[in-house]
file coords35.cif (mmCIF, C-alpha atoms)
data_upload
loop_
_atom_site.label_atom_id
_atom_site.label_comp_id
_atom_site.auth_asym_id
_atom_site.auth_seq_id
_atom_site.Cartn_x
_atom_site.Cartn_y
_atom_site.Cartn_z
CA MET A 260 39.48 -27.60 31.54
CA ALA A 261 36.14 -26.54 30.25
CA THR A 262 34.49 -28.54 32.98
CA ASP A 263 36.59 -26.81 35.62
CA THR A 264 35.76 -23.31 34.47
CA HIS A 265 32.12 -24.16 34.01
CA SER A 266 31.74 -25.58 37.48
CA ALA A 267 33.68 -22.61 38.81
CA ALA A 268 31.24 -20.27 37.13
CA GLU A 269 28.31 -22.18 38.55
CA ALA A 270 29.89 -22.15 41.98
CA ALA A 271 30.25 -18.38 41.71
CA GLY A 272 26.45 -18.20 41.68
CA PRO A 273 24.98 -15.02 40.25
CA GLY A 274 28.03 -13.83 38.38
CA MET A 275 27.84 -12.90 34.74
CA PRO A 276 27.24 -15.97 32.62
CA GLN A 277 27.89 -13.67 29.65
CA LEU A 278 31.57 -13.62 30.53
CA ASP A 279 31.92 -17.39 30.77
CA ILE A 280 34.30 -17.90 27.88
CA THR A 281 33.80 -21.65 27.80
CA THR A 282 30.31 -21.26 26.37
CA PHE A 283 31.36 -18.81 23.63
CA SER A 284 32.29 -21.41 21.03
CA ASN A 285 28.97 -23.13 21.54
CA GLN A 286 27.00 -19.88 21.26
CA ILE A 287 28.93 -18.63 18.27
CA PHE A 288 28.61 -21.95 16.46
CA TRP A 289 24.84 -22.15 16.88
CA LEU A 290 24.40 -18.43 16.22
CA LEU A 291 26.20 -18.70 12.88
CA ILE A 292 24.03 -21.66 11.92
CA ALA A 293 20.88 -19.77 12.92
CA LEU A 294 21.95 -16.68 10.97
CA VAL A 295 22.79 -18.70 7.86
CA VAL A 296 19.44 -20.49 8.05
CA ILE A 297 17.55 -17.22 8.53
CA PHE A 298 19.51 -15.64 5.70
CA PHE A 299 18.64 -18.42 3.29
CA VAL A 300 15.02 -18.57 4.39
CA LEU A 301 14.71 -14.83 3.86
CA SER A 302 16.77 -14.37 0.71
CA ARG A 303 15.55 -17.52 -1.07
CA VAL A 304 11.91 -17.66 -0.01
CA ALA A 305 10.45 -14.83 2.02
CA LEU A 306 11.91 -11.69 0.46
CA PRO A 307 11.40 -12.62 -3.22
CA ARG A 308 7.91 -13.76 -2.38
CA ILE A 309 6.99 -10.54 -0.56
CA ALA A 310 8.62 -8.49 -3.31
CA ALA A 311 6.52 -10.41 -5.85
CA ILE A 312 3.36 -9.85 -3.81
CA LEU A 313 4.04 -6.12 -3.54
CA ALA A 314 4.87 -5.86 -7.23
CA GLU A 315 1.75 -7.80 -8.12
CA ARG A 316 -0.35 -5.53 -5.94
CA GLN A 317 1.24 -2.46 -7.49
CA GLY A 318 0.57 -3.94 -10.92
CA THR A 319 -3.02 -4.73 -10.04
CA ILE A 320 -3.59 -1.22 -8.75
CA THR A 321 -1.97 0.32 -11.82
CA ASN A 322 -4.01 -1.93 -14.11
CA ASP A 323 -7.20 -1.14 -12.28
CA ILE A 324 -6.55 2.58 -12.51
CA ALA A 325 -5.75 2.24 -16.22
CA ALA A 326 -8.90 0.17 -16.75
CA ALA A 327 -10.94 2.76 -14.89
CA GLU A 328 -9.39 5.46 -17.06
CA ASP A 329 -10.26 3.44 -20.17
CA LEU A 330 -13.81 2.95 -19.04
CA LYS A 331 -14.14 6.64 -18.30
CA VAL A 332 -12.90 7.52 -21.79
CA LYS A 333 -15.29 4.94 -23.24
CA ALA A 334 -18.15 6.37 -21.24
CA GLN A 335 -17.31 9.83 -22.49
CA GLU A 336 -17.15 8.54 -26.05
CA ALA A 337 -20.45 6.80 -25.62
CA GLU A 338 -21.97 9.97 -24.25
CA ALA A 339 -20.62 11.97 -27.19
CA ALA A 340 -21.93 9.37 -29.63
CA TYR A 341 -25.31 9.45 -27.92
CA GLU A 342 -25.40 13.23 -28.07
CA LYS A 343 -24.46 13.13 -31.72
CA ALA A 344 -27.06 10.51 -32.50
CA LEU A 345 -29.65 12.54 -30.67
CA ALA A 346 -28.72 15.71 -32.56
CA ASP A 347 -28.74 13.80 -35.88
CA ALA A 348 -32.09 12.30 -35.12
CA ARG A 349 -33.47 15.66 -34.17
CA GLY A 350 -32.15 17.19 -37.41
CA GLU A 351 -33.52 14.30 -39.44
CA ALA A 352 -36.89 14.62 -37.78
CA GLN A 353 -36.99 18.33 -38.52
CA ARG A 354 -35.98 17.72 -42.12
CA ILE A 355 -38.63 15.03 -42.55
CA ALA A 356 -41.24 17.24 -40.93
CA GLY A 357 -40.28 20.10 -43.23
CA GLU A 358 -40.38 17.92 -46.33
CA THR A 359 -43.69 16.41 -45.36
CA LYS A 360 -45.12 19.81 -44.66
CA ALA A 361 -43.93 21.06 -48.04
CA ALA A 362 -45.30 17.99 -49.83
CA ILE A 363 -48.62 18.31 -48.10
CA GLN A 364 -48.69 22.01 -48.84
CA ALA A 365 -48.00 21.32 -52.52
CA ASP A 366 -50.70 18.62 -52.67
CA LEU A 367 -53.01 20.90 -50.81
CA ASP A 368 -52.32 23.79 -53.20
CA VAL A 369 -52.93 21.58 -56.21
CA ALA A 370 -56.09 20.21 -54.68
CA ILE A 371 -57.30 23.68 -53.75
CA ALA A 372 -56.55 24.98 -57.23
CA ARG A 373 -58.36 22.07 -58.83
CA ALA A 374 -61.26 22.45 -56.45
CA ASP A 375 -61.37 26.19 -57.17
CA ALA A 376 -61.33 25.49 -60.91
CA GLU A 377 -64.09 22.91 -60.57
CA ILE A 378 -66.11 25.21 -58.41
CA ALA A 379 -65.66 28.01 -60.90
CA ALA A 380 -66.66 25.70 -63.78
CA LYS A 381 -69.66 24.43 -61.86
CA ALA A 382 -70.63 27.96 -60.90
CA ALA A 383 -70.37 29.11 -64.51
CA GLU A 384 -72.44 26.14 -65.67
CA SER A 385 -75.02 26.82 -63.04
CA GLU A 386 -75.05 30.50 -63.99
CA LYS A 387 -75.63 29.58 -67.57
CA ALA A 388 -78.35 27.10 -66.67
CA ILE A 389 -80.04 29.65 -64.45
CA THR A 390 -79.84 32.24 -67.20
CA GLU A 391 -81.35 29.82 -69.68
CA ILE A 392 -84.03 28.78 -67.28
CA ARG A 393 -84.76 32.38 -66.51
CA ALA A 394 -84.90 33.24 -70.22
CA GLY A 395 -87.12 30.19 -70.86
CA ALA A 396 -89.39 31.19 -68.04
CA GLN A 397 -89.78 34.78 -69.28
CA GLU A 398 -90.57 33.54 -72.74
CA ALA A 399 -93.14 31.12 -71.40
CA ILE A 400 -94.62 33.81 -69.16
CA ARG A 401 -94.82 36.19 -72.13
CA GLU A 402 -96.54 33.54 -74.24
CA VAL A 403 -98.90 32.64 -71.43
CA ALA A 404 -99.62 36.32 -70.74
CA LYS A 405 -100.23 37.02 -74.45
CA ASP A 406 -102.49 34.03 -74.82
CA THR A 407 -104.29 34.79 -71.57
CA ALA A 408 -104.72 38.42 -72.53
CA LYS A 409 -106.10 37.41 -75.97
CA GLU A 410 -108.46 34.89 -74.41
CA ILE A 411 -109.64 37.43 -71.85
CA VAL A 412 -110.18 40.04 -74.53
CA ALA A 413 -112.02 37.48 -76.71
CA ALA A 414 -114.11 36.35 -73.78
CA MET A 415 -115.12 39.93 -73.13
CA GLY A 416 -116.36 40.06 -76.71
CA GLY A 417 -113.62 42.13 -78.17
CA LYS A 418 -111.22 41.39 -80.91
CA ALA A 419 -107.80 41.49 -79.64
CA ASP A 420 -105.14 43.14 -81.60
CA ALA A 421 -102.18 40.84 -81.47
CA ARG A 422 -99.64 43.66 -81.78
CA SER A 423 -100.99 45.83 -79.03
CA VAL A 424 -101.32 42.83 -76.67
CA THR A 425 -97.72 41.87 -77.31
CA ALA A 426 -96.56 45.45 -76.74
CA ALA A 427 -98.58 45.69 -73.53
CA VAL A 428 -97.23 42.38 -72.16
CA THR A 429 -93.69 43.32 -73.06
CA ALA A 430 -94.08 46.72 -71.40
CA ARG A 431 -95.60 45.06 -68.32
CA MET A 432 -92.90 42.44 -68.04
CA LYS A 433 -90.15 45.06 -68.17
CA GLY A 434 -91.74 46.92 -65.35
CA MET B 239 37.08 -11.45 36.70
CA SER B 240 36.65 -13.95 39.48
CA ASP B 241 37.03 -11.09 41.97
CA GLY B 242 34.28 -9.17 40.25
CA GLU B 243 32.02 -12.18 40.20
CA SER B 244 32.45 -12.95 43.85
CA LEU B 245 31.95 -9.28 44.68
CA MET B 246 28.69 -9.15 42.74
CA ALA B 247 27.63 -12.40 44.29
CA ASP B 248 28.26 -10.99 47.74
CA ASP B 249 26.35 -7.84 46.89
CA ALA B 250 23.38 -9.77 45.65
CA HIS B 251 23.25 -11.99 48.68
CA GLY B 252 24.03 -9.15 51.04
CA GLU B 253 21.29 -6.78 49.99
CA GLY B 254 18.75 -9.57 49.74
CA GLY B 255 19.10 -10.53 53.38
CA GLY B 256 16.81 -13.50 53.73
CA LEU B 257 15.69 -13.20 50.14
CA SER B 258 17.26 -15.21 47.37
CA PHE B 259 18.24 -13.07 44.43
CA HIS B 260 19.43 -14.75 41.31
CA PRO B 261 18.92 -12.14 38.63
CA MET B 262 21.70 -13.54 36.47
CA ASP B 263 20.68 -17.20 36.57
CA GLN B 264 18.43 -16.67 33.58
CA PHE B 265 21.48 -15.98 31.43
CA GLU B 266 23.23 -19.23 32.21
CA VAL B 267 24.06 -21.42 29.29
CA LYS B 268 22.97 -24.93 30.12
CA SER B 269 23.28 -28.18 28.31
CA LEU B 270 19.86 -29.46 27.33
CA PHE B 271 20.61 -33.11 27.99
CA GLY B 272 23.29 -32.76 30.62
CA GLY B 273 27.01 -33.13 30.16
CA ASP B 274 29.71 -30.64 29.40
CA ILE B 275 29.25 -27.75 27.03
CA GLY B 276 31.40 -28.15 23.97
CA MET B 277 31.15 -26.37 20.68
CA PHE B 278 28.42 -28.63 19.26
CA THR B 279 26.50 -29.40 22.45
CA LEU B 280 22.76 -28.81 22.26
CA THR B 281 22.18 -26.08 24.83
CA ASN B 282 19.41 -23.68 25.71
CA VAL B 283 21.20 -21.32 23.34
CA THR B 284 20.61 -23.83 20.55
CA LEU B 285 16.97 -24.18 21.54
CA TRP B 286 16.19 -20.48 21.62
CA LEU B 287 18.17 -19.73 18.48
CA ALA B 288 16.19 -22.48 16.79
CA LEU B 289 12.96 -20.95 18.09
CA ALA B 290 14.06 -17.59 16.70
CA VAL B 291 14.59 -19.26 13.32
CA VAL B 292 11.16 -20.85 13.59
CA ALA B 293 9.64 -17.50 14.53
CA VAL B 294 11.25 -15.80 11.54
CA PHE B 295 10.09 -18.63 9.30
CA ALA B 296 6.55 -18.44 10.67
CA LEU B 297 6.42 -14.66 10.42
CA MET B 298 7.91 -14.23 6.99
CA VAL B 299 7.21 -17.47 5.11
CA LEU B 300 4.09 -19.12 6.53
CA THR B 301 2.11 -15.88 6.64
CA THR B 302 2.86 -15.09 3.00
CA SER B 303 2.13 -18.58 1.67
CA LYS B 304 -1.20 -17.48 0.23
CA ARG B 305 0.40 -14.62 -1.71
CA ALA B 306 -2.83 -12.70 -1.34
CA VAL B 307 -3.15 -9.45 -3.26
CA VAL B 308 -5.33 -8.25 -0.41
CA PRO B 309 -3.24 -9.31 2.59
CA GLY B 310 -4.50 -10.95 5.74
CA ARG B 311 -3.24 -10.11 9.20
CA GLY B 312 -0.07 -12.22 9.12
CA GLN B 313 0.84 -11.20 5.63
CA SER B 314 0.33 -7.54 6.54
CA ILE B 315 2.87 -7.94 9.34
CA ALA B 316 5.36 -9.62 7.02
CA GLU B 317 4.87 -6.89 4.43
CA LEU B 318 5.20 -4.24 7.11
CA MET B 319 8.53 -5.71 8.25
CA TYR B 320 9.72 -5.90 4.68
CA GLY B 321 8.65 -2.36 3.86
CA PHE B 322 10.05 -0.97 7.09
CA VAL B 323 13.54 -2.42 6.63
CA TYR B 324 13.55 -1.88 2.87
CA LYS B 325 12.73 1.79 3.29
CA MET B 326 15.32 2.12 6.04
CA VAL B 327 18.04 0.61 3.83
CA GLU B 328 16.97 2.73 0.88
CA ASP B 329 16.77 5.97 2.86
CA VAL B 330 20.04 5.55 4.71
CA THR B 331 22.33 3.86 2.19
CA GLY B 332 20.75 4.96 -1.05
CA LYS B 333 19.85 2.92 -4.12
CA ASP B 334 23.14 1.05 -4.30
CA GLY B 335 22.68 -0.29 -0.79
CA ILE B 336 19.54 -2.18 -1.78
CA LYS B 337 21.49 -5.27 -2.77
CA TYR B 338 22.59 -5.69 0.85
CA PHE B 339 18.97 -5.57 1.98
CA PRO B 340 18.70 -9.36 2.63
CA TYR B 341 21.67 -9.22 5.02
CA ILE B 342 20.22 -6.27 6.92
CA MET B 343 16.82 -7.94 6.96
CA THR B 344 18.43 -11.10 8.40
CA LEU B 345 19.98 -9.08 11.20
CA PHE B 346 16.78 -7.21 11.94
CA MET B 347 14.50 -10.23 11.93
CA PHE B 348 16.91 -12.28 14.03
CA ILE B 349 17.40 -9.60 16.67
CA LEU B 350 13.72 -8.70 16.78
CA CYS B 351 12.56 -12.29 17.16
CA ALA B 352 15.31 -13.17 19.64
CA ASN B 353 14.52 -10.09 21.74
CA PHE B 354 10.81 -10.83 21.83
CA LEU B 355 11.31 -14.53 22.51
CA GLY B 356 13.50 -13.49 25.42
CA LEU B 357 10.52 -11.69 26.95
CA ILE B 358 8.65 -14.95 27.42
CA PRO B 359 8.95 -15.80 31.12
CA THR B 360 11.54 -18.50 31.89
CA SER B 361 12.93 -18.19 28.38
CA PHE B 362 16.55 -17.63 27.49
CA THR B 363 17.53 -14.38 25.80
CA THR B 364 20.19 -15.15 23.23
CA THR B 365 20.77 -11.49 22.42
CA SER B 366 21.63 -10.75 26.05
CA HIS B 367 24.90 -12.59 25.53
CA ILE B 368 27.90 -10.59 24.52
CA ALA B 369 29.21 -13.57 22.56
CA VAL B 370 26.15 -13.42 20.32
CA THR B 371 26.00 -9.65 19.88
CA ALA B 372 29.76 -9.44 19.42
CA VAL B 373 29.53 -11.86 16.51
CA LEU B 374 26.81 -9.64 15.03
CA GLY B 375 28.62 -6.38 15.77
CA PHE B 376 32.06 -7.47 14.62
CA GLY B 377 30.54 -9.29 11.69
CA VAL B 378 29.00 -6.01 10.55
CA PHE B 379 32.26 -4.18 11.29
CA PHE B 380 34.45 -6.51 9.24
CA ALA B 381 31.88 -6.79 6.47
CA VAL B 382 31.54 -3.02 5.97
CA THR B 383 35.28 -2.41 6.35
CA ILE B 384 36.16 -5.02 3.72
CA LEU B 385 33.33 -3.78 1.53
CA GLY B 386 34.56 -0.21 1.91
CA PHE B 387 38.07 -1.10 0.72
CA VAL B 388 36.78 -3.31 -2.08
CA LYS B 389 34.42 -0.62 -3.36
CA ASN B 390 36.60 2.44 -2.86
CA GLY B 391 40.16 1.12 -2.54
CA ALA B 392 42.37 3.49 -0.62
CA GLY B 393 39.68 6.13 -1.13
CA PHE B 394 37.86 4.51 1.77
CA LEU B 395 40.42 6.18 4.06
CA SER B 396 38.94 9.56 3.14
CA LEU B 397 36.23 8.59 5.62
CA PHE B 398 38.71 9.62 8.31
CA TRP B 399 39.91 12.78 6.58
CA VAL B 400 37.23 15.40 7.16
CA SER B 401 37.77 17.63 4.16
CA SER B 402 35.19 20.17 5.31
CA ALA B 403 37.16 20.96 8.47
CA PRO B 404 40.01 23.51 8.60
CA LEU B 405 43.32 21.94 7.56
CA PRO B 406 45.09 22.14 10.95
CA LEU B 407 42.23 20.36 12.63
CA ARG B 408 42.08 17.49 10.16
CA PRO B 409 44.82 15.25 11.67
CA ILE B 410 43.20 15.55 15.09
CA LEU B 411 39.79 14.81 13.65
CA ALA B 412 41.25 11.89 11.73
CA LEU B 413 42.55 10.42 14.98
CA ILE B 414 39.15 10.86 16.62
CA GLU B 415 37.41 9.40 13.60
CA ILE B 416 39.70 6.37 13.58
CA ILE B 417 39.15 5.76 17.28
CA SER B 418 35.41 6.11 16.89
CA TYR B 419 35.50 3.80 13.91
CA PHE B 420 37.16 1.04 15.89
CA VAL B 421 34.91 1.60 18.88
CA ARG B 422 31.86 1.11 16.66
CA PRO B 423 31.67 -2.70 16.79
CA VAL B 424 32.19 -2.68 20.56
CA SER B 425 29.45 -0.14 21.21
CA HIS B 426 27.30 -1.78 18.56
CA SER B 427 27.37 -5.16 20.28
CA ILE B 428 27.49 -4.06 23.91
CA ARG B 429 24.54 -1.71 23.41
CA LEU B 430 22.31 -4.59 22.43
CA ALA B 431 23.54 -7.14 24.95
CA GLY B 432 23.63 -4.53 27.72
CA ASN B 433 20.09 -3.38 27.11
CA MET B 434 18.75 -6.91 27.02
CA MET B 435 20.69 -8.09 30.04
CA ALA B 436 19.96 -5.05 32.19
CA GLY B 437 16.25 -5.12 31.47
CA HIS B 438 15.90 -8.80 32.21
CA ALA B 439 18.02 -8.57 35.33
CA VAL B 440 15.89 -5.69 36.61
CA LEU B 441 12.78 -7.76 35.96
CA LYS B 442 14.25 -10.57 37.99
CA VAL B 443 15.20 -8.23 40.84
CA PHE B 444 11.67 -6.84 41.00
CA ALA B 445 10.33 -10.38 40.87
CA GLY B 446 12.64 -11.20 43.78
CA PHE B 447 11.17 -8.37 45.84
CA ALA B 448 7.73 -9.86 45.25
CA GLN B 449 8.72 -12.54 47.74
CA VAL B 450 8.10 -10.07 50.55
CA ALA B 451 4.37 -9.72 51.08
CA ALA B 452 4.60 -6.09 52.22
CA ILE B 453 6.14 -4.80 49.02
CA ALA B 454 4.81 -7.45 46.69
CA PRO B 455 2.12 -5.23 45.09
CA VAL B 456 4.66 -2.52 44.33
CA ALA B 457 7.09 -5.12 43.05
CA ILE B 458 4.49 -6.72 40.79
CA ILE B 459 3.42 -3.36 39.41
CA GLY B 460 7.11 -2.67 38.91
CA VAL B 461 7.50 -5.94 37.01
CA MET B 462 4.58 -5.04 34.80
CA ALA B 463 5.93 -1.55 34.12
CA ILE B 464 9.44 -2.79 33.40
CA TYR B 465 8.01 -5.52 31.21
CA GLY B 466 6.20 -2.93 29.13
CA LEU B 467 9.38 -0.94 28.89
CA GLU B 468 11.27 -4.07 27.86
CA VAL B 469 8.84 -4.74 25.04
CA LEU B 470 9.62 -1.26 23.78
CA VAL B 471 13.36 -1.75 24.30
CA SER B 472 13.30 -5.06 22.43
CA ALA B 473 11.87 -3.46 19.32
CA ILE B 474 13.93 -0.29 19.62
CA GLN B 475 17.21 -2.14 20.06
CA ALA B 476 16.51 -4.25 16.99
CA TYR B 477 15.78 -1.02 15.13
CA VAL B 478 18.86 0.75 16.49
CA PHE B 479 21.15 -2.14 15.62
CA THR B 480 19.74 -2.29 12.12
CA ILE B 481 19.83 1.42 11.38
CA LEU B 482 23.41 1.69 12.68
CA THR B 483 24.33 -1.18 10.38
CA CYS B 484 22.78 0.82 7.55
CA VAL B 485 24.77 3.90 8.56
CA TYR B 486 28.02 1.90 8.61
CA LEU B 487 27.12 0.42 5.27
CA LYS B 488 26.53 3.90 3.91
CA ASP B 489 30.00 4.93 5.13
CA ALA B 490 31.46 1.95 3.30
CA LEU B 491 29.63 2.74 0.07
CA HIS B 492 30.04 6.53 0.21
CA PRO B 493 33.03 7.33 2.41
CA HIS B 494 33.27 10.97 1.31
CA HIS B 495 31.69 13.35 3.73
#
call {"tool": "encode", "arguments": {"input": "coords35.cif", "output": "structure tokens"}}
result
Amino acid sequence: MATDTHSAAEAAGPGMPQLDITTFSNQIFWLLIALVVIFFVLSRVALPRIAAILAERQGTITNDIAAAEDLKVKAQEAEAAYEKALADARGEAQRIAGETKAAIQADLDVAIARADAEIAAKAAESEKAITEIRAGAQEAIREVAKDTAKEIVAAMGGKADARSVTAAVTARMKG
Amino acid sequence: MSDGESLMADDAHGEGGGLSFHPMDQFEVKSLFGGDIGMFTLTNVTLWLALAVVAVFALMVLTTSKRAVVPGRGQSIAELMYGFVYKMVEDVTGKDGIKYFPYIMTLFMFILCANFLGLIPTSFTTTSHIAVTAVLGFGVFFAVTILGFVKNGAGFLSLFWVSSAPLPLRPILALIEIISYFVRPVSHSIRLAGNMMAGHAVLKVFAGFAQVAAIAPVAIIGVMAIYGLEVLVSAIQAYVFTILTCVYLKDALHPHH
């Protein structure tokens, strides 16, 4: 019977093969097989795999963003630490400079004081020595002058009065 | 039916004059190795359904075999298909429709691949056959109807009782709703088969006109234009079939208006 209808349909030429009922069972049978195969291929292999790929990508992106966020925070922390270290170092340097300056100033003051004292002592000594020398010199000059005056007077044939010579020399030396 | 066939045959031969027009030959189911066509005979239907399966396998499985985090071309297409249908199911049916996503995806991938394979010259378009699309359409119809009653019990009938309409109108609307509900699988399947068949037949008719030298350039340009249109129609019909399936599924899951 199938053969009859089929040949009839072919004989009809360009009719509508879609309406040839004899081929329906064949089409439906193979269609159902194809659909079942596609369904299993998709539901068992393709769709879980693509879902996994998309999830993995989403995870990767999320992780990367989180990592970037972490790194940013770390960078900020590092910057803060650097700033702090810099400020500390600057403070420390200023403190050290201050201390050093104070220590030097103290040393300097002590040294200056000592030097002043020494200078004063030396100056006093020198003053004393000069005074002595000056006193010695005047005495010597007076003696020399007295002697010289006596000798001169004697040489001129006179007798020198020791007291008047001394008085004259003393008066002269004061002048 | 035989009257209609002979009439169409006469028309085709009549208008062609000396030309030979066989726009419907491409839809003939033929046995691959000769002999009668029984249920299990290997026919061109078998061949092109198998090629559709191969195409789906190649598109969705082979391209994703590398599981690259940064996708290549093939994997991008597979992901695009996945995302497109997934979003469609999610948008139309809501979160609880997601578990039917593999079924919808099966329908979409099959129809899309079958439609595009049918555009290869001298190929056989499985989705141009009403037997094929009717199985799809009625399959969806019975699946969503059974699902609707299983999920909602008798509450599924509230789909036909438009509670937002004025009370006197409701029985009339219910009648219309019921008729439209039962027309769904018919329109669902005939829309697809009709689009495919008409487009391919028109291509063949234009190709037939190319036999006359005088109008051959026009006919060839026509073939090219119609072919471009058919590429569009192939994708759109796959989309339409799928989104309508989603809409029907939504009605089954949430029958209340």
call {"tool": "closest_residue", "arguments": {"input": "coords35.cif", "among": "B:Val370, B:Gln449, B:Pro493, B:Gly377", "to": "Gly432 of chain B", "atoms": "all atoms listed in the file"}}
result
B:Val370
call {"tool": "closest_residue", "arguments": {"input": "coords35.cif", "among": "A:Val295, A:Ala421, A:Gly318, A:Glu386", "to": "Thr407 of chain A", "atoms": "all atoms listed in the file"}}
result
A:Ala421
call {"tool": "closest_residue", "arguments": {"input": "coords35.cif", "among": "A:Ala365, A:Ala327, A:Val424, A:Ala305", "to": "Thr302 of chain B", "atoms": "all atoms listed in the file"}}
result
A:Ala305
call {"tool": "residues_around", "arguments": {"input": "coords35.cif", "residues": "Gly332 of chain B", "least_positions_apart": "2", "cutoff": "12 Å", "atoms": "all atoms listed in the file", "output": "JSON, numbers by chain"}}
result
{"B": [324, 325, 326, 327, 328, 329, 330, 334, 335, 336, 337, 338, 339, 484, 485, 487, 488, 489, 490, 491, 492]}
call {"tool": "resolve_selection", "arguments": {"input": "coords35.cif", "expression": "the PyMOL selection byres ((chain A) within 7 of (chain B))", "output": "PyMOL selection string"}}
result
chain A and resi 262+271-277+282-290+293+297-298+300-302+304-305+309+312+316
call {"tool": "write_last_selection", "arguments": {"input": "coords35.cif", "atoms": "C-alpha atoms", "output": "PDB file, in the frame of the given file"}}
result
ATOM      1  CA  THR A 262      34.490 -28.540  32.980  1.00  0.00           C
ATOM      2  CA  ALA A 271      30.250 -18.380  41.710  1.00  0.00           C
ATOM      3  CA  GLY A 272      26.450 -18.200  41.680  1.00  0.00           C
ATOM      4  CA  PRO A 273      24.980 -15.020  40.250  1.00  0.00           C
ATOM      5  CA  GLY A 274      28.030 -13.830  38.380  1.00  0.00           C
ATOM      6  CA  MET A 275      27.840 -12.900  34.740  1.00  0.00           C
ATOM      7  CA  PRO A 276      27.240 -15.970  32.620  1.00  0.00           C
ATOM      8  CA  GLN A 277      27.890 -13.670  29.650  1.00  0.00           C
ATOM      9  CA  THR A 282      30.310 -21.260  26.370  1.00  0.00           C
ATOM     10  CA  PHE A 283      31.360 -18.810  23.630  1.00  0.00           C
ATOM     11  CA  SER A 284      32.290 -21.410  21.030  1.00  0.00           C
ATOM     12  CA  ASN A 285      28.970 -23.130  21.540  1.00  0.00           C
ATOM     13  CA  GLN A 286      27.000 -19.880  21.260  1.00  0.00           C
ATOM     14  CA  ILE A 287      28.930 -18.630  18.270  1.00  0.00           C
ATOM     15  CA  PHE A 288      28.610 -21.950  16.460  1.00  0.00           C
ATOM     16  CA  TRP A 289      24.840 -22.150  16.880  1.00  0.00           C
ATOM     17  CA  LEU A 290      24.400 -18.430  16.220  1.00  0.00           C
ATOM     18  CA  ALA A 293      20.880 -19.770  12.920  1.00  0.00           C
ATOM     19  CA  ILE A 297      17.550 -17.220   8.530  1.00  0.00           C
ATOM     20  CA  PHE A 298      19.510 -15.640   5.700  1.00  0.00           C
ATOM     21  CA  VAL A 300      15.020 -18.570   4.390  1.00  0.00           C
ATOM     22  CA  LEU A 301      14.710 -14.830   3.860  1.00  0.00           C
ATOM     23  CA  SER A 302      16.770 -14.370   0.710  1.00  0.00           C
ATOM     24  CA  VAL A 304      11.910 -17.660  -0.010  1.00  0.00           C
ATOM     25  CA  ALA A 305      10.450 -14.830   2.020  1.00  0.00           C
ATOM     26  CA  ILE A 309       6.990 -10.540  -0.560  1.00  0.00           C
ATOM     27  CA  ILE A 312       3.360  -9.850  -3.810  1.00  0.00           C
ATOM     28  CA  ARG A 316      -0.350  -5.530  -5.940  1.00  0.00           C
TER      29      ARG A 316
END
call {"tool": "residues_around", "arguments": {"input": "coords35.cif", "residues": "Asn433 of chain B", "least_positions_apart": "3", "cutoff": "12 Å", "atoms": "all atoms listed in the file", "output": "ChimeraX atom specification"}}
result
/B:353,363,365-368,371,425-430,436-440,467-476,478-479
call {"tool": "atom_distance", "arguments": {"input": "coords35.cif", "atom1": "atom CA of Met432 of chain A", "atom2": "atom CA of Ile400 of chain A"}}
result
8.9 Å
call {"tool": "atom_distance", "arguments": {"input": "coords35.cif", "atom1": "atom CA of Ala457 of chain B", "atom2": "atom CA of Phe444 of chain B"}}
result
5.3 Å
call {"tool": "axis_aligned_box", "arguments": {"input": "coords35.cif", "around": "segment 411-429 of chain B", "padding_each_side": "6 Å", "output": "JSON"}}
result
{"center_x": 33.5, "center_y": 4.8, "center_z": 17.8, "size_x": 30.0, "size_y": 32.0, "size_z": 24.2}
call {"tool": "resolve_selection", "arguments": {"input": "coords35.cif", "expression": "the PyMOL selection byres ((chain B and resi 397-406) around 12)", "output": "number ranges by chain"}}
result
B: 383, 386-387, 390-396, 407-420, 486, 488-495
call {"tool": "atom_distance", "arguments": {"input": "coords35.cif", "atom1": "atom CA of Gly356 of chain B", "atom2": "atom CA of Ala448 of chain B"}}
result
21.0 Å
call {"tool": "residues_around", "arguments": {"input": "coords35.cif", "residues": "Ile458 of chain B", "least_positions_apart": "5", "cutoff": "12 Å", "atoms": "only C-alpha atoms", "output": "number ranges by chain"}}
result
B: 441-453, 463-465
call {"tool": "residues_near_point", "arguments": {"input": "coords35.cif", "point": "(-97.7, 32.9, -72.2)", "cutoff": "12 Å", "atoms": "all atoms listed in the file", "output": "mmCIF file with C-alpha atoms, keeping the file's coordinate frame"}}
result
data_model
loop_
_atom_site.group_PDB
_atom_site.id
_atom_site.type_symbol
_atom_site.label_atom_id
_atom_site.label_comp_id
_atom_site.auth_asym_id
_atom_site.auth_seq_id
_atom_site.Cartn_x
_atom_site.Cartn_y
_atom_site.Cartn_z
ATOM 1 C CA GLY A 395 -87.120 30.190 -70.860
ATOM 2 C CA ALA A 396 -89.390 31.190 -68.040
ATOM 3 C CA GLN A 397 -89.780 34.780 -69.280
ATOM 4 C CA GLU A 398 -90.570 33.540 -72.740
ATOM 5 C CA ALA A 399 -93.140 31.120 -71.400
ATOM 6 C CA ILE A 400 -94.620 33.810 -69.160
ATOM 7 C CA ARG A 401 -94.820 36.190 -72.130
ATOM 8 C CA GLU A 402 -96.540 33.540 -74.240
ATOM 9 C CA VAL A 403 -98.900 32.640 -71.430
ATOM 10 C CA ALA A 404 -99.620 36.320 -70.740
ATOM 11 C CA LYS A 405 -100.230 37.020 -74.450
ATOM 12 C CA ASP A 406 -102.490 34.030 -74.820
ATOM 13 C CA THR A 407 -104.290 34.790 -71.570
ATOM 14 C CA ALA A 408 -104.720 38.420 -72.530
ATOM 15 C CA LYS A 409 -106.100 37.410 -75.970
ATOM 16 C CA GLU A 410 -108.460 34.890 -74.410
ATOM 17 C CA VAL A 424 -101.320 42.830 -76.670
ATOM 18 C CA THR A 425 -97.720 41.870 -77.310
ATOM 19 C CA VAL A 428 -97.230 42.380 -72.160
ATOM 20 C CA THR A 429 -93.690 43.320 -73.060
ATOM 21 C CA MET A 432 -92.900 42.440 -68.040
#
